[in-house]
$ cat work09.txt   # compact mmCIF, C-alpha atoms
# COMPACT_ATOMS: atom_id res chain seq x y z
CA MET Z 1 177.20 -133.64 206.56
CA SER Z 2 180.33 -131.67 207.42
CA PRO Z 3 180.60 -128.02 206.34
CA TYR Z 4 183.68 -128.96 204.27
CA ALA Z 5 181.82 -131.66 202.31
CA SER Z 6 178.93 -129.28 201.66
CA ALA Z 7 181.27 -126.51 200.53
CA LEU Z 8 183.05 -128.81 198.07
CA LEU Z 9 179.78 -129.85 196.43
CA GLU Z 10 178.57 -126.26 196.31
CA GLN Z 11 181.77 -125.26 194.52
CA GLU Z 12 181.38 -128.12 192.07
CA ALA Z 13 177.79 -127.12 191.28
CA ARG Z 14 178.88 -123.54 190.63
CA SER Z 15 181.65 -124.88 188.38
CA LEU Z 16 179.01 -126.69 186.32
CA GLN Z 17 177.12 -123.42 185.98
CA THR Z 18 180.26 -121.63 184.83
CA ARG Z 19 181.10 -124.24 182.21
CA LEU Z 20 177.50 -124.38 181.00
CA ALA Z 21 177.62 -120.62 180.38
CA ARG Z 22 180.49 -121.28 177.93
CA VAL Z 23 178.23 -123.40 175.72
CA ARG Z 24 177.27 -120.76 173.20
CA PRO Z 25 174.77 -120.91 170.31
CA PHE Z 26 176.25 -122.24 167.08
CA ALA Z 27 175.19 -119.05 165.31
CA LEU Z 28 177.70 -117.12 167.45
CA ILE Z 29 180.72 -119.44 167.22
CA GLU Z 30 180.75 -121.12 163.78
CA PRO Z 31 182.11 -119.06 160.86
CA MET Z 32 180.93 -120.14 157.41
CA VAL Z 33 179.87 -118.63 154.12
CA PRO Z 34 176.06 -118.30 153.83
CA ALA Z 35 175.83 -120.99 151.14
CA ALA Z 36 177.40 -123.53 153.52
CA ALA Z 37 175.08 -122.74 156.42
CA LEU Z 38 172.29 -125.00 157.57
CA LEU Z 39 168.84 -124.13 156.33
CA PRO Z 40 166.86 -122.08 158.87
CA SER Z 41 164.60 -125.03 159.71
CA ALA Z 42 167.59 -127.17 160.73
CA GLN Z 43 169.48 -124.30 162.42
CA SER Z 44 166.49 -123.21 164.49
CA ALA Z 45 165.59 -126.81 165.42
CA LEU Z 46 169.11 -127.44 166.70
CA GLU Z 47 169.45 -124.14 168.53
CA ARG Z 48 166.05 -124.42 170.22
CA TYR Z 49 166.74 -128.00 171.26
CA LEU Z 50 170.06 -127.01 172.84
CA VAL Z 51 168.60 -123.86 174.43
CA THR Z 52 165.92 -126.00 176.06
CA GLY Z 53 168.55 -128.48 177.25
CA ARG Z 54 170.68 -125.73 178.78
CA ARG Z 55 167.70 -124.20 180.56
CA GLU Z 56 166.66 -127.57 181.98
CA LEU Z 57 170.19 -128.19 183.18
CA GLN Z 58 170.41 -124.75 184.78
CA ALA Z 59 167.18 -125.50 186.62
CA LEU Z 60 168.55 -128.83 187.85
CA ILE Z 61 171.73 -127.17 189.12
CA ALA Z 62 169.71 -124.49 190.89
CA ALA Z 63 167.45 -127.15 192.44
CA PHE Z 64 170.49 -129.05 193.70
CA GLN Z 65 171.96 -125.89 195.23
CA HIS Z 66 168.64 -125.12 196.91
CA TRP Z 67 168.43 -128.65 198.29
CA LEU Z 68 172.04 -128.53 199.49
CA ALA Z 69 171.49 -125.26 201.31
CA GLY Z 70 168.56 -126.73 203.24
CA ALA Z 71 170.00 -130.18 203.88
CA ARG Z 72 173.39 -129.38 205.37
CA GLU Z 73 172.21 -130.37 208.86
CA THR Z 74 170.05 -133.38 207.96
CA ALA Z 75 171.52 -135.11 204.88
CA SER Z 76 174.60 -137.28 204.83
CA ALA Z 77 177.62 -136.55 202.69
CA ALA Z 78 176.94 -139.80 200.78
CA GLU Z 79 173.41 -138.68 199.88
CA ALA Z 80 174.65 -135.26 198.72
CA GLN Z 81 177.41 -136.87 196.65
CA ARG Z 82 174.90 -139.29 195.06
CA ARG Z 83 172.65 -136.43 194.00
CA PHE Z 84 175.56 -134.43 192.62
CA THR Z 85 176.88 -137.44 190.68
CA PHE Z 86 173.59 -137.84 188.84
CA LEU Z 87 173.53 -134.10 188.15
CA ARG Z 88 177.02 -134.27 186.62
CA LEU Z 89 176.02 -137.26 184.45
CA LYS Z 90 173.14 -135.18 183.09
CA PHE Z 91 175.53 -132.29 182.50
CA ASN Z 92 177.94 -134.50 180.54
CA ALA Z 93 175.07 -135.92 178.48
CA THR Z 94 174.09 -132.38 177.48
CA LEU Z 95 177.67 -131.62 176.41
CA THR Z 96 177.73 -134.87 174.43
CA GLN Z 97 174.70 -133.71 172.47
CA PHE Z 98 176.35 -130.34 171.87
CA ASP Z 99 179.50 -132.06 170.59
CA LEU Z 100 177.45 -134.31 168.29
CA PHE Z 101 175.93 -131.32 166.51
CA ASN Z 102 179.16 -129.31 166.78
CA ASP Z 103 180.94 -131.96 164.67
CA VAL Z 104 178.22 -131.58 162.05
CA ILE Z 105 178.33 -127.79 161.92
CA THR Z 106 182.09 -127.22 162.24
CA GLN Z 107 182.73 -128.81 158.84
CA ARG Z 108 180.57 -126.12 157.26
CA SER Z 109 183.49 -123.72 157.70
CA GLU Z 110 185.84 -125.92 155.62
CA HIS Z 111 186.68 -124.47 152.22
CA GLU Z 112 184.52 -126.08 149.50
CA ASN Z 113 183.53 -128.99 151.74
CA GLY Z 114 181.14 -126.76 153.67
CA VAL Z 115 179.28 -125.67 150.56
CA TRP Z 116 179.23 -129.21 149.14
CA LEU Z 117 177.72 -130.48 152.39
CA SER Z 118 174.98 -127.89 152.07
CA GLY Z 119 174.40 -129.22 148.55
CA LEU Z 120 174.14 -132.74 149.93
CA ASP Z 121 171.54 -131.47 152.41
CA ALA Z 122 169.47 -130.44 149.37
CA VAL Z 123 169.97 -133.86 147.73
CA ALA Z 124 168.89 -135.64 150.91
CA ALA Z 125 165.82 -133.45 151.33
CA ASP Z 126 164.80 -134.08 147.73
CA ALA Z 127 165.29 -137.85 148.08
CA LEU Z 128 163.11 -137.84 151.20
CA THR Z 129 160.33 -135.69 149.75
CA LEU Z 130 157.23 -137.55 148.57
CA PRO Z 131 154.24 -135.96 146.81
CA GLY Z 132 151.04 -136.49 148.75
CA ASP Z 133 151.77 -135.19 152.28
CA TYR Z 134 152.42 -138.66 153.68
CA TYR Z 135 154.59 -137.27 156.49
CA ARG Z 136 156.08 -134.09 157.87
CA LEU Z 137 159.57 -133.72 156.40
CA PRO Z 138 162.25 -133.39 159.10
CA PRO Z 139 165.35 -131.24 158.52
CA VAL Z 140 168.32 -133.27 157.21
CA VAL Z 141 171.98 -132.29 157.72
CA CYS Z 142 175.07 -134.07 156.42
CA TYR Z 143 178.66 -134.29 157.59
CA LEU Z 144 181.80 -136.16 156.51
CA ASP Z 145 183.64 -138.89 158.37
CA ARG Z 146 186.21 -141.60 157.77
CA GLY Z 147 185.33 -145.09 156.58
CA PRO Z 148 183.65 -146.51 153.49
CA GLY Z 149 180.07 -146.58 154.79
CA ALA Z 150 177.46 -144.03 155.76
CA ALA Z 151 175.17 -143.86 158.80
CA ILE Z 152 172.19 -141.89 160.06
CA ARG Z 153 170.92 -140.70 163.39
CA ARG Z 154 167.27 -140.40 162.51
CA ALA Z 155 165.13 -137.43 163.44
CA ARG Z 156 162.66 -137.94 166.30
CA THR Z 157 164.74 -140.68 167.92
CA ARG Z 158 166.21 -140.63 171.41
CA LEU Z 159 169.59 -138.94 171.83
CA PRO Z 160 172.31 -140.05 174.26
CA GLY Z 161 171.30 -138.77 177.65
CA GLY Z 162 167.67 -138.24 176.67
CA GLY Z 163 165.69 -135.94 174.46
CA GLU Z 164 164.35 -136.30 170.91
CA ASN Z 165 166.71 -135.64 168.02
CA PRO Z 166 165.37 -132.52 166.22
CA VAL Z 167 167.05 -133.26 162.86
CA ALA Z 168 168.20 -136.24 160.80
CA VAL Z 169 172.02 -136.35 160.85
CA VAL Z 170 173.64 -138.27 157.98
CA ARG Z 171 177.30 -139.27 158.13
CA VAL Z 172 178.73 -139.41 154.63
CA PRO Z 173 182.01 -141.23 153.81
CA ARG Z 174 184.70 -138.66 153.04
CA GLU Z 175 186.38 -140.97 150.53
CA ARG Z 176 183.29 -140.67 148.28
CA MET Z 177 183.56 -136.90 147.83
CA ILE Z 178 182.92 -136.26 145.04
CA GLY Z 179 181.47 -138.93 142.77
CA SER Z 180 178.05 -140.20 141.84
CA GLY Z 181 178.57 -143.15 144.21
CA ILE Z 182 177.98 -140.81 147.13
CA ALA Z 183 174.30 -140.87 146.19
CA SER Z 184 174.18 -144.59 146.97
CA SER Z 185 175.37 -144.08 150.54
CA LEU Z 186 173.44 -140.88 151.17
CA ILE Z 187 170.10 -142.04 149.82
CA HIS Z 188 170.37 -145.43 151.52
CA GLU Z 189 170.52 -143.54 154.83
CA VAL Z 190 167.69 -141.26 153.74
CA GLY Z 191 165.77 -144.46 153.05
CA HIS Z 192 166.11 -145.41 156.71
CA GLN Z 193 164.49 -142.10 157.67
CA GLY Z 194 161.74 -142.50 155.07
CA ALA Z 195 161.06 -146.07 156.18
CA ALA Z 196 160.73 -144.90 159.79
CA LEU Z 197 158.34 -142.08 158.85
CA LEU Z 198 156.16 -144.55 156.90
CA ASP Z 199 156.61 -147.38 159.45
CA LEU Z 200 157.57 -149.66 156.57
CA VAL Z 201 159.44 -152.28 158.57
CA ASN Z 202 156.55 -152.92 160.93
CA SER Z 203 154.07 -153.03 158.06
CA LEU Z 204 156.19 -155.52 156.10
CA ARG Z 205 156.93 -157.93 158.95
CA PRO Z 206 153.41 -159.46 159.09
CA GLU Z 207 153.56 -160.22 155.36
CA LEU Z 208 156.99 -161.83 155.71
CA GLN Z 209 155.83 -163.88 158.68
CA ALA Z 210 152.76 -164.99 156.75
CA ARG Z 211 155.02 -166.24 153.96
CA GLN Z 212 157.00 -168.24 156.49
CA ARG Z 213 153.81 -169.99 157.55
CA SER Z 214 152.39 -170.51 154.07
CA ASP Z 215 155.64 -171.66 152.41
CA PRO Z 216 157.28 -174.15 154.81
CA ALA Z 217 159.80 -175.31 152.19
CA GLN Z 218 161.22 -171.77 152.02
CA ARG Z 219 160.67 -170.78 155.64
CA GLU Z 220 164.38 -170.22 156.31
CA VAL Z 221 164.72 -167.94 153.28
CA TRP Z 222 161.77 -165.80 154.39
CA GLN Z 223 163.19 -165.70 157.90
CA TRP Z 224 166.43 -164.20 156.55
CA TRP Z 225 164.51 -161.61 154.56
CA GLU Z 226 162.63 -160.62 157.71
CA ARG Z 227 165.84 -160.41 159.73
CA TRP Z 228 167.41 -158.11 157.14
CA ILE Z 229 164.31 -156.13 156.21
CA SER Z 230 165.34 -152.77 157.74
CA GLU Z 231 168.49 -152.58 155.60
CA ILE Z 232 166.77 -154.01 152.54
CA VAL Z 233 164.06 -151.34 152.62
CA ALA Z 234 166.75 -148.63 152.71
CA ASP Z 235 168.49 -150.27 149.71
CA PHE Z 236 165.14 -150.42 147.90
CA TRP Z 237 164.62 -146.69 148.50
CA SER Z 238 168.08 -145.97 147.10
CA VAL Z 239 167.61 -148.09 143.97
CA ALA Z 240 164.18 -146.57 143.36
CA ARG Z 241 165.53 -143.03 143.68
CA VAL Z 242 168.84 -143.18 141.77
CA GLY Z 243 168.79 -146.45 139.83
CA VAL Z 244 171.97 -148.25 138.81
CA VAL Z 245 174.30 -145.86 140.63
CA SER Z 246 172.85 -147.23 143.87
CA THR Z 247 174.11 -150.72 143.03
CA LEU Z 248 177.44 -149.46 141.71
CA GLY Z 249 177.96 -147.48 144.90
CA LEU Z 250 176.99 -150.46 147.01
CA ILE Z 251 179.60 -152.59 145.23
CA GLY Z 252 182.16 -149.94 146.14
CA VAL Z 253 181.21 -150.17 149.82
CA VAL Z 254 181.08 -153.97 150.22
CA SER Z 255 184.06 -154.88 148.01
CA LEU Z 256 185.94 -156.38 150.95
CA PRO Z 257 188.23 -159.35 151.49
CA ARG Z 258 186.43 -162.53 150.51
CA VAL Z 259 185.92 -163.76 154.06
CA PHE Z 260 183.80 -160.67 154.87
CA VAL Z 261 181.79 -160.78 151.65
CA PHE Z 262 180.47 -164.25 152.52
CA ARG Z 263 180.26 -163.82 156.30
CA LEU Z 264 176.86 -164.75 157.71
CA SER Z 265 176.12 -163.26 161.13
CA PRO Z 266 172.69 -163.84 162.74
CA ASP Z 267 173.11 -160.59 164.70
CA ASP Z 268 173.90 -158.36 161.69
CA PRO Z 269 170.87 -156.50 160.27
CA HIS Z 270 172.71 -156.21 156.93
CA PRO Z 271 172.37 -159.03 154.40
CA ILE Z 272 175.49 -160.99 153.52
CA PRO Z 273 177.39 -158.54 151.26
CA TRP Z 274 177.37 -161.06 148.37
CA ILE Z 275 173.59 -161.45 148.63
CA ARG Z 276 173.06 -157.74 149.20
CA VAL Z 277 174.56 -156.83 145.82
CA MET Z 278 172.65 -159.63 144.07
CA LEU Z 279 169.43 -158.41 145.70
CA SER Z 280 170.16 -154.83 144.64
CA CYS Z 281 170.46 -156.09 141.05
CA ALA Z 282 167.20 -158.03 141.42
CA MET Z 283 165.40 -154.92 142.73
CA GLY Z 284 166.83 -152.87 139.89
CA GLN Z 285 165.71 -155.40 137.29
CA ALA Z 286 162.18 -155.43 138.71
CA LEU Z 287 161.91 -151.64 138.89
CA TYR Z 288 163.91 -150.76 135.77
CA PRO Z 289 164.13 -153.75 133.39
CA HIS Z 290 167.44 -153.57 131.50
CA PRO Z 291 170.34 -155.93 130.61
CA GLN Z 292 172.68 -153.91 132.85
CA TRP Z 293 171.41 -155.62 135.99
CA GLU Z 294 172.28 -159.14 134.83
CA ARG Z 295 175.62 -157.83 133.62
CA LEU Z 296 176.36 -156.35 137.04
CA ALA Z 297 175.28 -159.52 138.84
CA ASN Z 298 177.59 -161.58 136.62
CA VAL Z 299 180.50 -159.25 137.26
CA TRP Z 300 179.89 -159.45 141.01
CA HIS Z 301 179.89 -163.24 140.81
CA ASP Z 302 183.16 -163.12 138.84
CA TYR Z 303 184.67 -160.91 141.54
CA TYR Z 304 183.57 -163.33 144.27
CA PRO Z 305 182.84 -166.82 142.85
CA SER Z 306 180.77 -168.88 145.26
CA ALA Z 307 181.44 -172.39 143.94
CA THR Z 308 184.40 -172.99 146.27
CA LEU Z 309 182.49 -172.23 149.46
CA ALA Z 310 181.29 -174.85 151.93
CA PRO Z 311 178.35 -176.87 150.49
CA GLN Z 312 175.87 -175.59 153.10
CA THR Z 313 176.80 -171.98 152.28
CA VAL Z 314 176.45 -172.59 148.54
CA ASP Z 315 173.04 -174.14 149.19
CA LEU Z 316 171.82 -171.19 151.27
CA LEU Z 317 173.07 -168.61 148.75
CA GLY Z 318 171.35 -170.52 145.97
CA ARG Z 319 168.04 -170.65 147.82
CA LEU Z 320 168.24 -166.95 148.63
CA ARG Z 321 168.89 -166.06 144.99
CA ARG Z 322 166.05 -168.24 143.77
CA GLY Z 323 163.75 -166.63 146.32
CA MET Z 324 164.60 -163.06 145.27
CA PRO Z 325 161.91 -162.62 142.57
CA ASP Z 326 159.07 -163.48 145.00
CA PHE Z 327 160.55 -161.32 147.72
CA VAL Z 328 161.12 -158.30 145.45
CA ALA Z 329 157.57 -158.68 144.09
CA LEU Z 330 156.29 -158.50 147.67
CA LEU Z 331 158.22 -155.24 148.23
CA ILE Z 332 156.89 -153.74 145.01
CA ARG Z 333 153.25 -154.66 145.69
CA HIS Z 334 153.29 -153.73 149.37
CA GLN Z 335 150.79 -151.01 150.30
CA PRO Z 336 151.60 -149.68 153.77
CA ALA Z 337 148.81 -147.94 155.63
CA ALA Z 338 150.82 -144.71 155.69
CA LEU Z 339 150.72 -144.51 151.87
CA ARG Z 340 146.92 -144.73 151.78
CA GLY Z 341 146.70 -147.41 149.11
CA GLN Z 342 149.82 -146.42 147.14
CA THR Z 343 152.92 -148.56 146.62
CA LEU Z 344 156.53 -147.50 147.14
CA PRO Z 345 157.40 -147.50 143.40
CA ALA Z 346 154.42 -145.24 142.73
CA VAL Z 347 155.37 -142.58 145.30
CA LEU Z 348 159.12 -142.82 144.62
CA ASP Z 349 158.64 -141.71 141.00
CA VAL Z 350 160.02 -144.88 139.41
CA ALA Z 351 158.21 -144.28 136.12
CA ARG Z 352 160.38 -141.24 135.29
CA ARG Z 353 163.67 -143.00 136.01
CA GLN Z 354 163.79 -145.87 133.53
CA PRO Z 355 167.32 -146.30 132.06
CA ALA Z 356 166.33 -145.22 128.55
CA ALA Z 357 164.67 -142.08 129.90
CA LEU Z 358 167.74 -141.26 132.02
CA THR Z 359 170.07 -141.68 129.04
CA ALA Z 360 167.82 -139.47 126.92
CA LEU Z 361 167.90 -136.80 129.61
CA TYR Z 362 171.68 -136.90 129.73
CA ARG Z 363 171.87 -136.44 125.95
CA ARG Z 364 169.45 -133.52 126.19
CA TRP Z 365 171.42 -131.93 129.02
CA GLU Z 366 174.63 -132.15 126.99
CA ASP Z 367 173.03 -129.73 124.56
CA ALA Z 368 171.22 -127.64 127.19
CA PRO Z 369 173.15 -127.86 130.50
CA ALA Z 370 170.91 -125.26 132.17
CA GLN Z 371 168.09 -127.81 132.26
CA MET Z 372 170.19 -130.07 134.48
CA TYR Z 373 170.58 -127.35 137.08
CA ARG Z 374 166.81 -126.92 137.26
CA ALA Z 375 166.10 -130.66 137.74
CA PRO Z 376 165.53 -132.31 141.14
CA PRO Z 377 168.90 -133.26 142.67
CA SER Z 378 168.10 -136.96 143.12
CA LEU Z 379 167.04 -137.17 139.45
CA VAL Z 380 170.34 -135.56 138.43
CA PHE Z 381 172.27 -138.22 140.36
CA ALA Z 382 170.18 -140.92 138.69
CA VAL Z 383 170.96 -139.49 135.25
CA LEU Z 384 174.68 -139.10 135.91
CA GLY Z 385 174.85 -142.57 137.45
CA GLN Z 386 173.23 -144.07 134.34
CA ALA Z 387 175.61 -142.10 132.13
CA ARG Z 388 178.54 -143.43 134.18
CA ALA Z 389 177.24 -147.00 133.80
CA ASP Z 390 176.82 -146.46 130.04
CA GLY Z 391 180.38 -145.13 129.71
CA LEU Z 392 179.16 -141.68 128.60
CA VAL Z 393 180.96 -139.79 131.35
CA GLY Z 394 184.24 -140.54 133.10
CA PRO Z 395 185.08 -140.04 136.78
CA GLU Z 396 187.14 -136.91 136.10
CA ASP Z 397 184.37 -135.03 134.28
CA GLU Z 398 181.83 -136.38 136.75
CA ASN Z 399 183.85 -134.98 139.67
CA VAL Z 400 184.01 -131.50 138.16
CA LEU Z 401 180.32 -131.51 137.23
CA LEU Z 402 179.13 -132.70 140.64
CA ALA Z 403 181.22 -130.05 142.40
CA LYS Z 404 179.42 -127.41 140.33
CA LEU Z 405 176.03 -128.98 140.96
CA LEU Z 406 176.49 -129.27 144.72
CA THR Z 407 177.60 -125.64 144.85
CA HIS Z 408 174.58 -124.63 142.76
CA TRP Z 409 172.12 -126.52 144.98
CA ALA Z 410 173.66 -125.02 148.11
CA LEU Z 411 173.47 -121.51 146.70
CA ARG Z 412 169.94 -122.02 145.35
CA SER Z 413 168.60 -123.28 148.66
CA THR Z 414 170.25 -120.36 150.47
CA LEU Z 415 168.94 -117.72 148.09
CA ASP Z 416 165.47 -119.29 147.90
CA THR Z 417 165.26 -119.26 151.68
CA SER Z 418 166.53 -115.67 151.89
CA PHE Z 419 164.00 -114.56 149.27
CA LEU Z 420 161.16 -116.33 151.07
CA CYS Z 421 162.11 -114.82 154.42
CA ALA Z 422 162.38 -111.37 152.88
CA SER Z 423 158.98 -111.73 151.20
CA LEU Z 424 157.31 -112.88 154.39
CA ASP Z 425 158.97 -110.12 156.38
CA ALA Z 426 157.78 -107.49 153.90
CA ARG Z 427 154.17 -108.70 154.11
CA ALA Z 428 154.06 -109.26 157.86
CA PRO Z 429 152.73 -106.52 160.15
CA ALA Z 430 155.17 -105.01 162.58
CA LEU Z 431 154.79 -106.95 165.82
CA PRO Z 432 156.88 -106.92 168.95
CA ARG Z 433 159.18 -109.92 169.06
CA ALA Z 434 160.11 -111.76 172.23
CA PRO Z 435 163.89 -112.15 172.49
CA LEU Z 436 165.40 -115.65 172.34
CA THR Z 437 167.73 -115.78 175.32
CA TYR Z 438 170.50 -118.31 175.87
CA HIS Z 439 170.98 -118.21 179.62

$ encode --input "work09.txt" --output "structure tokens"
Amino acid sequence: MSPYASALLEQEARSLQTRLARVRPFALIEPMVPAAALLPSAQSALERYLVTGRRELQALIAAFQHWLAGARETASAAEAQRRFTFLRLKFNATLTQFDLFNDVITQRSEHENGVWLSGLDAVAADALTLPGDYYRLPPVVCYLDRGPGAAIRRARTRLPGGGENPVAVVRVPRERMIGSGIASSLIHEVGHQGAALLDLVNSLRPELQARQRSDPAQREVWQWWERWISEIVADFWSVARVGVVSTLGLIGVVSLPRVFVFRLSPDDPHPIPWIRVMLSCAMGQALYPHPQWERLANVWHDYYPSATLAPQTVDLLGRLRRGMPDFVALLIRHQPAALRGQTLPAVLDVARRQPAALTALYRRWEDAPAQMYRAPPSLVFAVLGQARADGLVGPEDENVLLAKLLTHWALRSTLDTSFLCASLDARAPALPRAPLTYH
């Protein structure tokens, strides 16, 4: 290798080191009010993950420089360039991960939005919490983005470029801030995380495959349920947690031009939008019997009548609808190993969220609003969603109330955490602390 080629690569490696030194901890570069900040569990998980990534990258750069210094006389320029190219790809992957979390945290400095996002973190954590220690709860952080739908990058999954995601990152549609329908999108995504922690999809597949074998006349219907099961489980989680507002929010997301509502794609893990809403109503009726579910299903059919579709499509939709009661019953009775003999409705607190009970809570909270602020956030969304469906609260009042609630939950989680940290610090013996370095 020529001295010039070696010198160029050495300069490039040093440039990587210089740019890496500019990647600072979020705690030093992101201004935000304390109530908008991530909870310490999420903040520390992110910072430690990125600190580890930076240290690993620094070690790789140093190893490349050491190799280059000793291989100038024996290695070819092509070999040195190949090694450097892979090093730079790793460097860019680390920056991609930094940018992913930077997008999440930067919004926390936006006026009002930052605090509301912190409130949504509290809603998501509550919706994911199950009594019984069935899994270790990962930190959940939310951010806003364009588009009608939400998405999640689950905790403990592989990130671009390698490494395990230390937190669950939920993208929330900006156009839903602020209304009760945001609970539908948010808790559907939380349902994906919960399903992964309980391994629900893998535990349900054998039962669905057994139905395909035991019911040949309906094999195709059961095959579709199996193909869509990951999204259906997340919808089930949402309906179980917040009731009718889940279905109302879903209607808001999938109210698309007719051609998309009836589009059947074998590669799409989401059910046909028309069927997805009908299934949400069927799940709601099974979990929370009430005339509202049939009323919603009829309205959805009036929005998108199916009679004019191609005969084979009408036939499939009809068979899917007729198969919904058996399928929903399977979901309700399913006892995954992770729940140790319990069913999903039992651990998701369905008994407390029947429509009549939610309406009664809303009436009680009208007279004693302080009780609402002390209730679990997901229960509050269920109550307000039922009140919205009953015509007891309009979107204007709902918007104002939810803004106050999100601010309250953000402030409460911040103060609770500060109080806990102060209490632990007061009781802890004075011990020397190793510094957390970033270089």

$ residues_around --input "work09.txt" --residues "Z:Trp300" --least-positions-apart "5" --cutoff "12 Å" --atoms "all atoms listed in the file" --output "ChimeraX atom specification"
/Z:247-248,250-252,254-255,258,261,273-281,293-295,305-306

$ write_last_selection --input "work09.txt" --atoms "C-alpha atoms" --output "CSV table (one decimal), keeping the file's coordinate frame"
chain,number,residue,atom,x,y,z
Z,247,THR,CA,174.1,-150.7,143.0
Z,248,LEU,CA,177.4,-149.5,141.7
Z,250,LEU,CA,177.0,-150.5,147.0
Z,251,ILE,CA,179.6,-152.6,145.2
Z,252,GLY,CA,182.2,-149.9,146.1
Z,254,VAL,CA,181.1,-154.0,150.2
Z,255,SER,CA,184.1,-154.9,148.0
Z,258,ARG,CA,186.4,-162.5,150.5
Z,261,VAL,CA,181.8,-160.8,151.6
Z,273,PRO,CA,177.4,-158.5,151.3
Z,274,TRP,CA,177.4,-161.1,148.4
Z,275,ILE,CA,173.6,-161.4,148.6
Z,276,ARG,CA,173.1,-157.7,149.2
Z,277,VAL,CA,174.6,-156.8,145.8
Z,278,MET,CA,172.6,-159.6,144.1
Z,279,LEU,CA,169.4,-158.4,145.7
Z,280,SER,CA,170.2,-154.8,144.6
Z,281,CYS,CA,170.5,-156.1,141.0
Z,293,TRP,CA,171.4,-155.6,136.0
Z,294,GLU,CA,172.3,-159.1,134.8
Z,295,ARG,CA,175.6,-157.8,133.6
Z,305,PRO,CA,182.8,-166.8,142.8
Z,306,SER,CA,180.8,-168.9,145.3

$ closest_residue --input "work09.txt" --among "Z:His408, Z:Arg146, Z:His66, Z:Arg364" --to "Z:Met177" --atoms "all atoms listed in the file"
Z:Arg146

$ atom_distance --input "work09.txt" --atom1 "atom CA of Z:Trp225" --atom2 "atom CA of Z:Ala297"
19.2 Å

$ residues_around --input "work09.txt" --residues "stretch 74-85 of chain Z" --least-positions-apart "3" --cutoff "10 Å" --atoms "only C-alpha atoms" --output "tab-separated table (two decimals) with C-alpha atoms, in the frame of the given file"
chain	number	residue	atom	x	y	z
Z	1	MET	CA	177.20	-133.64	206.56
Z	2	SER	CA	180.33	-131.67	207.42
Z	3	PRO	CA	180.60	-128.02	206.34
Z	4	TYR	CA	183.68	-128.96	204.27
Z	5	ALA	CA	181.82	-131.66	202.31
Z	6	SER	CA	178.93	-129.28	201.66
Z	8	LEU	CA	183.05	-128.81	198.07
Z	9	LEU	CA	179.78	-129.85	196.43
Z	10	GLU	CA	178.57	-126.26	196.31
Z	12	GLU	CA	181.38	-128.12	192.07
Z	13	ALA	CA	177.79	-127.12	191.28
Z	61	ILE	CA	171.73	-127.17	189.12
Z	64	PHE	CA	170.49	-129.05	193.70
Z	65	GLN	CA	171.96	-125.89	195.23
Z	67	TRP	CA	168.43	-128.65	198.29
Z	68	LEU	CA	172.04	-128.53	199.49
Z	70	GLY	CA	168.56	-126.73	203.24
Z	71	ALA	CA	170.00	-130.18	203.88
Z	88	ARG	CA	177.02	-134.27	186.62
Z	89	LEU	CA	176.02	-137.26	184.45
Z	90	LYS	CA	173.14	-135.18	183.09
Z	91	PHE	CA	175.53	-132.29	182.50

$ closest_atom_pairs --input "work09.txt" --of "stretch 98-146 of chain Z" --to "stretch 368-384 of chain Z" --cutoff "10 Å" --atoms "all atoms listed in the file" --output "tab-separated table"
residue	atom	partner	partner_atom	distance
Z:Gly119	CA	Z:Pro377	CA	9.0
Z:Leu120	CA	Z:Pro377	CA	9.0
Z:Ala122	CA	Z:Pro377	CA	7.3
Z:Val123	CA	Z:Pro377	CA	5.2
Z:Ala124	CA	Z:Ser378	CA	7.9
Z:Ala125	CA	Z:Pro377	CA	9.2
Z:Asp126	CA	Z:Ser378	CA	6.4
Z:Ala127	CA	Z:Ser378	CA	5.8
Z:Leu128	CA	Z:Ser378	CA	9.5

$ atom_distance --input "work09.txt" --atom1 "atom CA of Z:Leu256" --atom2 "atom CA of Z:Arg176"
16.2 Å

$ atom_distance --input "work09.txt" --atom1 "atom CA of Z:Gln107" --atom2 "atom CA of Z:Gln43"
14.4 Å

$ closest_residue --input "work09.txt" --among "Z:Gly114, Z:Pro291, Z:Gly249, Z:Gly318" --to "Z:Ser184" --atoms "only C-alpha atoms"
Z:Gly249

$ closest_residue --input "work09.txt" --among "Z:Val167, Z:Leu46, Z:Leu87, Z:Leu402" --to "Z:Gln58" --atoms "only C-alpha atoms"
Z:Leu87

$ axis_aligned_box --input "work09.txt" --around "stretch 131-149 of chain Z" --padding-each-side "3 Å" --output "lines of an AutoDock Vina configuration file"
center_x = 168.6
center_y = -138.9
center_z = 153.0
size_x = 41.2
size_y = 21.3
size_z = 18.3

$ residues_around --input "work09.txt" --residues "Z:Gly323" --least-positions-apart "3" --cutoff "12 Å" --atoms "all atoms listed in the file" --output "list in words"
Arg211, Asp215, Ala217, Gln218, Arg219, Glu220, Val221, Trp222, Gln223, Trp224, Trp225, Ile275, Met278, Leu279, Ala282, Leu316, Leu317, Gly318, Arg319, Leu320, Asp326, Phe327, Val328, Ala329 and Leu330 of chain Z

$ residues_near_point --input "work09.txt" --point "(161.9, -142.7, 132.5)" --cutoff "12 Å" --atoms "only C-alpha atoms" --output "ChimeraX atom specification"
/Z:240-243,287-289,349-362,379,382-383,386

$ residues_near_point --input "work09.txt" --point "(178.3, -129.4, 150.4)" --cutoff "10 Å" --atoms "all atoms listed in the file" --output "PyMOL selection string"
chain Z and resi 35-37+107-108+110-123+142-144+177-178+403+405-411

$ residues_around --input "work09.txt" --residues "Z:Leu339" --least-positions-apart "4" --cutoff "12 Å" --atoms "all atoms listed in the file" --output "list of chain:residue names"
Z:Leu130, Z:Pro131, Z:Gly132, Z:Asp133, Z:Tyr134, Z:Tyr135, Z:Gly194, Z:Ala195, Z:Leu197, Z:Leu198, Z:Asp199, Z:Leu200, Z:Ser203, Z:His334, Z:Gln335, Z:Thr343, Z:Leu344, Z:Pro345, Z:Ala346, Z:Val347, Z:Leu348
